[in-house]
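Novice: Take this structure first; my questions come after.
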Amino acid sequence: QRLAQQLRLALENDSGLTQLYQPIFDINGKKTVAVEALLRWHHPKLGPISPADFVPLAEETGLIIPLGDWVVEKACQMATTCPQLIVAINVSPLQFLAENFISTLMTTVARHGINPRQIELEITEGVLLEDKERALQNINTLREAGFSIALDDFGTGYSSLSYLIQFPVDTIKIDQTFTQSLGVRDNSATIVESVITLGHSLGITVTAEGVETDAQRAMLEAAGCDLLQGFLFSRPLTADNLHALLDQQH
Ligand code: G
Ligand code: G
Ligand code: MN
Ligand code: NA
């Protein structure tokens, strides 16, 4: 596993790994209310490698734990520089269920003097499939401490609805495949509206991901969606570019 070894080195030397921040907007698309932290790895020879490719490798090799710690550390650093924003962190199932995840997270947040209310943890249904009892326990502990929990990629799994009944979450992130089916497939608007209505009836905030066109934005607004994320508004940005954008919005 050469690639895993190189990822280990990148982590040890803190070289080649970066974190970008994709703004999440209010329904008008005018104001940034949150950002999603997104990991990038620029391999010295192979160039950019997607987390979709190297996160599974990190999970297989156990590297996901130090990698996840790095992600949390960077996200907390960002959070201190923009106290008005929620910072959402993707957490892989293995990381979320790991022994020290909660204690490390709490220590890092405290060390930076951040209010846990500023941090949202994006988990996927995989967490709930892996170890239901432990997942529920962790969700409860984190929410009691003030963190919020988002269910990422909502709608792509096998039983999204049953998970909503069993697991208390603060946010649903409608997967981009649904957003992009709006206006393209029959029934897609009805399905998205139903998810939003269901979410609201449970007191859950609904974010749509992958918004690329104004037609999609308009349909999501009509359906009562709360927050919007996608290339229509902004691509993932470096910290500097994010701060420039936030300055413009003042
Ligand atoms: O940003 P991009 O579209 O390339 O992300 C691809 C996948 O990698 C997405 O599923 C995203 O959730 C995941 N991802 C991005 N950043 C992180 C991270 O910091 N940790 C984990 N576990 N997954 C991430
Ligand atoms: O699985 P997750 O939802 O965490 O994946 C987030 C990924 O989706 C990010 O890596 C980001 O690059 C990508 N993304 C964000 N907005 C858009 C968009 O409008 N269109 C497409 N195709 N991808 C997007
Ligand atoms: Mn995500
Ligand atoms: Na998603």
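FYI, nothing fancy with the structure tokens labels: chains A, B, ... in order, residues from 1 per chain, ligands from 1 as they appear.
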Excluding Pro56 of chain A and residues on its chain fewer than 5 positions from it, collect all residues at most 12 Å away from it, counting only C-alpha atoms, and give them as a list of chain:residue names.
Specialist: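 Contacts, with the query itself left out: A:Leu3, A:Ala4, A:Ser50, A:Pro51, A:Thr61, A:Gly62, A:Leu63, A:Ile64, A:Leu67, A:Ser92, A:Pro93, A:Leu94, A:Gln95.
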Novice: Would you mind exporting C-alpha atoms of the selected residues as an mmCIF file, in the first residue's frame?
Specialist:
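Below is the file that was written, result27.cif:
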data_model
loop_
_atom_site.group_PDB
_atom_site.id
_atom_site.type_symbol
_atom_site.label_atom_id
_atom_site.label_comp_id
_atom_site.auth_asym_id
_atom_site.auth_seq_id
_atom_site.Cartn_x
_atom_site.Cartn_y
_atom_site.Cartn_z
ATOM 1 C CA LEU A 3 -0.450 5.236 -1.547
ATOM 2 C CA ALA A 4 -1.360 4.694 2.110
ATOM 3 C CA SER A 50 -10.297 12.993 -4.399
ATOM 4 C CA PRO A 51 -11.249 12.154 -0.819
ATOM 5 C CA THR A 61 -5.387 1.255 7.052
ATOM 6 C CA GLY A 62 -6.492 2.991 10.251
ATOM 7 C CA LEU A 63 -5.063 6.273 8.988
ATOM 8 C CA ILE A 64 -8.555 7.694 9.179
ATOM 9 C CA LEU A 67 -6.505 12.103 9.307
ATOM 10 C CA SER A 92 -16.447 8.911 8.289
ATOM 11 C CA PRO A 93 -18.276 6.063 10.043
ATOM 12 C CA LEU A 94 -15.090 4.512 11.439
ATOM 13 C CA GLN A 95 -13.982 7.888 12.794
#
Novice: Please identify the strand (DSSP E) residues within segment 84-225 of chain A (assignment by DSSP from backbone atoms) and present them as a VMD selection string.
Specialist: chain A and resid 86 to 90 119 to 123 148 to 154 171 to 174 205 to 208
Novice: Between A:Lys173, A:Arg111, A:Arg134, A:Arg185, which is the closest to Gly199 of chain A once you count only C-alpha atoms?
Specialist: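 Using only C-alpha atoms, the shortest distance to Gly199 of chain A belongs to A:Lys173.
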Novice: What residues have any atom no more than 10 Å from ligand 2 when counting only C-alpha atoms and all ligand atoms, and can you list them as number ranges by chain?
Specialist: A: 20-24, 36-40, 50-52, 88-91, 122-124, 151-154, 173-177, 179-180, 208-213, 228-237
Novice: For Ser148 of chain A, which of A:Leu182, A:Val87, A:Leu198, A:Leu245 is the closest residue, counting only C-alpha atoms?
Specialist: A:Val87
Novice: Given only C-alpha atoms as the basis, pick out the residue of A:Val33, A:Leu128, A:Met106, A:Ala189 nearest to Leu164 of chain A.
Specialist: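 Checking each candidate against Leu164 of chain A, we get A:Leu128 as the closest.
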Novice: To one decimal place, how far is atom CA of Phe167 of chain A from atom 4 (O, counted along the ligand's line) of ligand 1 in Å?
Specialist: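 Separation between atom CA of Phe167 of chain A and atom 4 (O, counted along the ligand's line) of ligand 1: 26.6 Å.
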Novice: Please identify which residues in segment 11-220 of chain A DSSP calls helix (DSSP H, G or I) from the backbone, and express them as a VMD selection string.
Specialist: chain A and resid 11 to 13 51 to 61 64 to 81 93 to 97 101 to 111 116 to 118 125 to 130 132 to 144 160 to 166 176 to 181 188 to 201 214 to 220
Novice: Which residue out of A:Val35, A:Leu129, A:Ala215, A:Ala135 has the minimum interatomic distance to ligand 1 when only C-alpha atoms and all ligand atoms are used?
Specialist: A:Val35
Novice: Using only C-alpha atoms and all ligand atoms, pick whichever of A:Gln84, A:Gln5, A:Thr156, A:Ser15 has the shortest atom-to-atom distance to ligand 1.
Specialist: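 Under the stated criterion, the closest residue is A:Thr156.
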Novice: A:Thr171, A:Thr107, A:Ser181, A:Thr197: which is nearest ligand 3, counting only C-alpha atoms and all ligand atoms?
Specialist: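 Smallest distance to ligand 3 is found for A:Thr171.
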Novice: If I take atom CA of Arg2 of chain A and atom CA of Lys74 of chain A, how far is one from the other in Å, to one decimal?
Specialist: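 It comes out at 25.5 Å.
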